[in-house]
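Raw upload-v4.cif, mmCIF, C-alpha atoms:
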data_upload
loop_
_atom_site.group_PDB
_atom_site.id
_atom_site.type_symbol
_atom_site.label_atom_id
_atom_site.label_comp_id
_atom_site.auth_asym_id
_atom_site.auth_seq_id
_atom_site.Cartn_x
_atom_site.Cartn_y
_atom_site.Cartn_z
ATOM 1 C CA MET A 1 -0.067 -2.159 8.094
ATOM 2 C CA ALA A 2 3.564 -1.138 8.407
ATOM 3 C CA ILE A 3 6.193 -2.784 6.229
ATOM 4 C CA GLN A 4 8.404 -4.752 8.593
ATOM 5 C CA GLU A 5 11.424 -6.861 7.808
ATOM 6 C CA GLY A 6 10.627 -10.511 8.530
ATOM 7 C CA LYS A 7 6.880 -10.037 8.026
ATOM 8 C CA ALA A 8 4.804 -10.997 4.976
ATOM 9 C CA ALA A 9 4.811 -8.483 2.137
ATOM 10 C CA PRO A 10 1.353 -7.216 1.166
ATOM 11 C CA ALA A 11 -0.128 -9.074 -1.805
ATOM 12 C CA SER A 12 -0.633 -7.021 -4.914
ATOM 13 C CA THR A 13 -1.391 -7.306 -8.611
ATOM 14 C CA LEU A 14 -0.757 -4.465 -11.046
ATOM 15 C CA THR A 15 -0.571 -3.968 -14.813
ATOM 16 C CA ASN A 16 2.812 -3.727 -16.542
ATOM 17 C CA GLN A 17 3.896 -1.750 -19.601
ATOM 18 C CA ASP A 18 2.528 -4.489 -21.895
ATOM 19 C CA GLY A 19 -0.930 -4.470 -20.299
ATOM 20 C CA GLU A 20 -0.250 -7.785 -18.497
ATOM 21 C CA LYS A 21 -1.237 -8.382 -14.889
ATOM 22 C CA ILE A 22 1.760 -9.061 -12.647
ATOM 23 C CA SER A 23 1.052 -10.606 -9.247
ATOM 24 C CA LEU A 24 3.589 -10.735 -6.431
ATOM 25 C CA HIS A 25 2.101 -14.088 -5.441
ATOM 26 C CA ASP A 26 3.117 -15.540 -8.820
ATOM 27 C CA LEU A 27 6.734 -14.589 -8.102
ATOM 28 C CA ARG A 28 7.010 -16.700 -4.931
ATOM 29 C CA GLY A 29 10.231 -18.669 -4.954
ATOM 30 C CA LYS A 30 12.247 -15.731 -6.235
ATOM 31 C CA ASP A 31 13.657 -12.643 -4.575
ATOM 32 C CA VAL A 32 11.731 -9.579 -5.747
ATOM 33 C CA ILE A 33 13.192 -6.096 -5.776
ATOM 34 C CA LEU A 34 10.179 -3.785 -5.734
ATOM 35 C CA TYR A 35 11.254 -0.194 -6.227
ATOM 36 C CA PHE A 36 8.922 2.783 -6.090
ATOM 37 C CA TYR A 37 9.644 5.962 -8.026
ATOM 38 C CA PRO A 38 7.715 9.178 -8.715
ATOM 39 C CA LYS A 39 7.607 9.583 -12.510
ATOM 40 C CA ASP A 40 8.798 8.067 -15.780
ATOM 41 C CA ASP A 41 11.508 9.860 -17.736
ATOM 42 C CA THR A 42 12.488 12.402 -15.076
ATOM 43 C CA PRO A 43 16.166 12.866 -14.163
ATOM 44 C CA GLY A 44 16.394 10.938 -10.869
ATOM 45 C CA CYS A 45 13.956 8.238 -11.937
ATOM 46 C CA THR A 46 15.825 7.716 -15.212
ATOM 47 C CA LYS A 47 19.171 7.351 -13.411
ATOM 48 C CA GLU A 48 17.672 4.822 -11.019
ATOM 49 C CA ALA A 49 15.931 2.829 -13.782
ATOM 50 C CA CYS A 50 19.074 2.775 -15.938
ATOM 51 C CA GLY A 51 21.093 1.617 -12.924
ATOM 52 C CA PHE A 52 18.723 -1.291 -12.380
ATOM 53 C CA ARG A 53 18.886 -2.013 -16.130
ATOM 54 C CA ASP A 54 22.688 -2.066 -16.025
ATOM 55 C CA PHE A 55 22.806 -4.391 -12.978
ATOM 56 C CA ASN A 56 19.881 -6.583 -14.034
ATOM 57 C CA LYS A 57 22.047 -9.393 -15.426
ATOM 58 C CA GLU A 58 23.827 -9.747 -12.056
ATOM 59 C CA ILE A 59 20.534 -9.438 -10.166
ATOM 60 C CA GLN A 60 18.900 -12.109 -12.326
ATOM 61 C CA ALA A 61 21.939 -14.377 -11.746
ATOM 62 C CA LEU A 62 21.018 -14.192 -8.033
ATOM 63 C CA ASP A 63 17.506 -15.459 -8.956
ATOM 64 C CA ALA A 64 15.921 -12.080 -8.308
ATOM 65 C CA VAL A 65 13.381 -10.042 -10.274
ATOM 66 C CA ILE A 66 13.214 -6.244 -10.487
ATOM 67 C CA LEU A 67 9.847 -4.469 -10.629
ATOM 68 C CA GLY A 68 9.526 -0.688 -10.829
ATOM 69 C CA VAL A 69 6.280 0.915 -9.617
ATOM 70 C CA SER A 70 4.964 4.422 -10.260
ATOM 71 C CA PRO A 71 1.572 6.070 -10.795
ATOM 72 C CA ASP A 72 2.271 6.413 -14.544
ATOM 73 C CA SER A 73 0.103 4.618 -17.095
ATOM 74 C CA PRO A 74 1.171 1.425 -18.880
ATOM 75 C CA GLU A 75 1.531 3.531 -22.043
ATOM 76 C CA SER A 76 3.917 5.934 -20.301
ATOM 77 C CA HIS A 77 5.850 2.963 -18.942
ATOM 78 C CA GLN A 78 6.143 1.473 -22.447
ATOM 79 C CA LYS A 79 7.650 4.720 -23.781
ATOM 80 C CA PHE A 80 10.088 4.803 -20.834
ATOM 81 C CA VAL A 81 11.067 1.149 -21.399
ATOM 82 C CA ASP A 82 11.583 1.739 -25.124
ATOM 83 C CA LYS A 83 13.524 4.996 -24.731
ATOM 84 C CA TYR A 84 16.041 3.553 -22.251
ATOM 85 C CA SER A 85 15.972 -0.155 -23.229
ATOM 86 C CA LEU A 86 14.795 -1.135 -19.760
ATOM 87 C CA ASN A 87 14.947 -4.906 -19.261
ATOM 88 C CA PHE A 88 12.433 -5.370 -16.440
ATOM 89 C CA ASP A 89 8.737 -4.711 -15.847
ATOM 90 C CA LEU A 90 7.307 -1.371 -14.766
ATOM 91 C CA LEU A 91 3.985 -1.569 -12.944
ATOM 92 C CA SER A 92 1.256 1.034 -13.047
ATOM 93 C CA ASP A 93 -0.345 2.107 -9.748
ATOM 94 C CA PRO A 94 -2.486 5.134 -10.729
ATOM 95 C CA ASP A 95 -4.608 4.973 -7.564
ATOM 96 C CA LYS A 96 -1.466 4.627 -5.416
ATOM 97 C CA GLU A 97 -3.058 1.697 -3.551
ATOM 98 C CA MET A 98 0.020 -0.523 -3.651
ATOM 99 C CA MET A 99 2.297 2.419 -2.907
ATOM 100 C CA SER A 100 0.221 3.276 0.137
ATOM 101 C CA ARG A 101 0.376 -0.320 1.421
ATOM 102 C CA TYR A 102 4.156 -0.281 0.969
ATOM 103 C CA GLU A 103 4.587 3.130 2.656
ATOM 104 C CA ALA A 104 5.771 4.565 -0.664
ATOM 105 C CA PHE A 105 3.142 7.304 -0.815
ATOM 106 C CA GLY A 106 2.648 9.977 1.785
ATOM 107 C CA GLU A 107 4.240 13.068 3.247
ATOM 108 C CA LYS A 108 7.639 14.032 1.936
ATOM 109 C CA LYS A 109 9.771 17.117 1.516
ATOM 110 C CA LEU A 110 9.984 18.625 -1.947
ATOM 111 C CA TYR A 111 12.009 21.796 -2.397
ATOM 112 C CA GLY A 112 11.649 22.544 1.309
ATOM 113 C CA LYS A 113 7.864 22.088 1.380
ATOM 114 C CA THR A 114 5.922 19.203 2.872
ATOM 115 C CA VAL A 115 3.774 17.597 0.174
ATOM 116 C CA GLN A 116 1.910 14.345 -0.487
ATOM 117 C CA GLY A 117 3.682 12.257 -3.085
ATOM 118 C CA VAL A 118 5.535 9.129 -4.075
ATOM 119 C CA ILE A 119 8.371 8.330 -1.686
ATOM 120 C CA ARG A 120 11.359 6.875 -3.522
ATOM 121 C CA SER A 121 11.852 3.577 -1.698
ATOM 122 C CA THR A 122 12.566 -0.100 -2.274
ATOM 123 C CA VAL A 123 11.347 -3.321 -0.710
ATOM 124 C CA TRP A 124 13.240 -6.591 -1.104
ATOM 125 C CA ILE A 125 10.816 -9.504 -0.809
ATOM 126 C CA GLY A 126 12.360 -12.919 -0.227
ATOM 127 C CA PRO A 127 11.348 -16.161 -1.962
ATOM 128 C CA ASP A 128 9.064 -16.922 0.998
ATOM 129 C CA GLY A 129 7.070 -13.707 0.444
ATOM 130 C CA LYS A 130 8.521 -11.987 3.516
ATOM 131 C CA VAL A 131 10.206 -8.602 3.537
ATOM 132 C CA ARG A 132 13.979 -9.050 3.699
ATOM 133 C CA LYS A 133 14.900 -5.357 3.588
ATOM 134 C CA HIS A 134 13.100 -2.031 3.308
ATOM 135 C CA TRP A 135 14.930 1.036 2.085
ATOM 136 C CA ARG A 136 12.370 3.561 3.352
ATOM 137 C CA ARG A 137 13.788 6.626 1.653
ATOM 138 C CA VAL A 138 16.370 6.397 -1.099
ATOM 139 C CA PRO A 139 18.635 9.470 -0.845
ATOM 140 C CA LYS A 140 20.548 9.066 -4.145
ATOM 141 C CA ALA A 141 18.636 7.433 -6.970
ATOM 142 C CA ALA A 142 21.733 6.936 -9.129
ATOM 143 C CA ASP A 143 23.618 5.006 -6.406
ATOM 144 C CA HIS A 144 20.723 2.904 -5.157
ATOM 145 C CA PRO A 145 20.708 0.011 -7.689
ATOM 146 C CA GLU A 146 24.311 -0.850 -6.791
ATOM 147 C CA LYS A 147 23.438 -0.858 -3.079
ATOM 148 C CA VAL A 148 20.571 -3.266 -3.777
ATOM 149 C CA LEU A 149 22.907 -5.552 -5.759
ATOM 150 C CA GLU A 150 25.421 -5.462 -2.881
ATOM 151 C CA ALA A 151 22.713 -6.452 -0.379
ATOM 152 C CA LEU A 152 21.508 -9.323 -2.601
ATOM 153 C CA SER A 153 25.077 -10.517 -3.186
ATOM 154 C CA ALA A 154 25.889 -10.438 0.529
ATOM 155 C CA ALA A 155 22.880 -12.651 1.271
ATOM 156 C CA THR A 156 24.052 -15.514 -0.953
#
Please go through the file and, once you have read it, give me the structure as structure tokens.
Amino acid sequence: MAIQEGKAAPASTLTNQDGEKISLHDLRGKDVILYFYPKDDTPGCTKEACGFRDFNKEIQALDAVILGVSPDSPESHQKFVDKYSLNFDLLSDPDKEMMSRYEAFGEKKLYGKTVQGVIRSTVWIGPDGKVRKHWRRVPKAADHPEKVLEALSAAT
């Protein structure tokens, strides 16, 4: 199933850095910023996570929730959260099932080669559970959180 703006976002439940189950269904009524990234504590992923951390107060003021998703374990996520004082949940998708449903895992270019991997992307799910916006490939991780905040702000 392709991710399409205006269509229902695929349901999913994953474990966060604290070992708690987080279900997208339980977040109905809020905007959800679901961002997919390759690996904890790597340069691009750290810049993106810290950007979301720095804009989280403004994003929360717009009644939105940020969730980061990678294949890393909850334990790895906890270290990443602690090291950079991240103020939102990171979800663990070791089997890449959610990432596959959200078109965030598949073929991508890495150093000029085509490989299978996590595709840095973001899906904005509206309070009604429908996809509002899909950033299919994020070109600059450091700039992306601000672009997401701008899109959320423009919608209010």
Exercise for review: Can you turn the PyMOL selection byres ((chain A and resi 103) around 8) into a concrete residue list for this file, as a count of residues only?
Suggested key: 11
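Computed from the coordinates, the CA of Trp124 (chain A) to CA of Asp31 (chain A) distance equals 7.0 Å.
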Check your understanding: Which is closest to Ser76 (chain A) among A:Gln60, A:Gln116, A:Asn16, A:Ser121, if we use only C-alpha atoms?
Key -> A:Asn16
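Of the residues under consideration (A:Ala151, A:Ile33, A:Val115, A:Ala11), A:Ala11 shows the shortest atom-to-atom contact distance to Glu97 (chain A) when counting all atoms listed in the file.
Counting from CA of Asn87 (chain A), the distance to CA of Asn56 (chain A) is 7.4 Å.
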Point to revise | Spatial neighbours of Pro127 (chain A), 6 Å, all atoms listed in the file, chain gap at least 6 places, as number ranges by chain | key: A: 28-31
Point to revise | Pro74 (chain A) surroundings by all atoms listed in the file, 8 Å radius, close-in-sequence under 6 positions cut, as a VMD selection string | key: chain A and resid 15 to 19 90 to 92
Those residues you just picked out, can you put them in a file as a compact mmCIF listing (two decimals), keeping the file's coordinate frame with C-alpha atoms?
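Final output, again00.txt:
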# COMPACT_ATOMS: atom_id res chain seq x y z
CA THR A 15 -0.57 -3.97 -14.81
CA ASN A 16 2.81 -3.73 -16.54
CA GLN A 17 3.90 -1.75 -19.60
CA ASP A 18 2.53 -4.49 -21.90
CA GLY A 19 -0.93 -4.47 -20.30
CA LEU A 90 7.31 -1.37 -14.77
CA LEU A 91 3.98 -1.57 -12.94
CA SER A 92 1.26 1.03 -13.05
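Applied to this file, the PyMOL selection byres ((chain A and resi 128) around 12) selects the residues A:Gly6, A:Lys7, A:Ala8, A:Ala9, A:Leu24, A:His25, A:Asp26, A:Leu27, A:Arg28, A:Gly29, A:Lys30, A:Asp31, A:Val32, A:Trp124, A:Ile125, A:Gly126, A:Pro127, A:Gly129, A:Lys130, A:Val131, A:Arg132.
Here the PyMOL selection byres ((chain A and resi 80) around 10) matches the residues Gln17, Lys39, Asp40, Asp41, Thr42, Thr46, Ala49, Pro74, Glu75, Ser76, His77, Gln78, Lys79, Val81, Asp82, Lys83, Tyr84, Ser85, Leu86 and Leu90 of chain A.
When only C-alpha atoms are used to compute distances to Lys133 (chain A), the closest of the residues A:Ile66, A:Val118, A:Cys50, A:Ala155 turns out to be A:Ala155.
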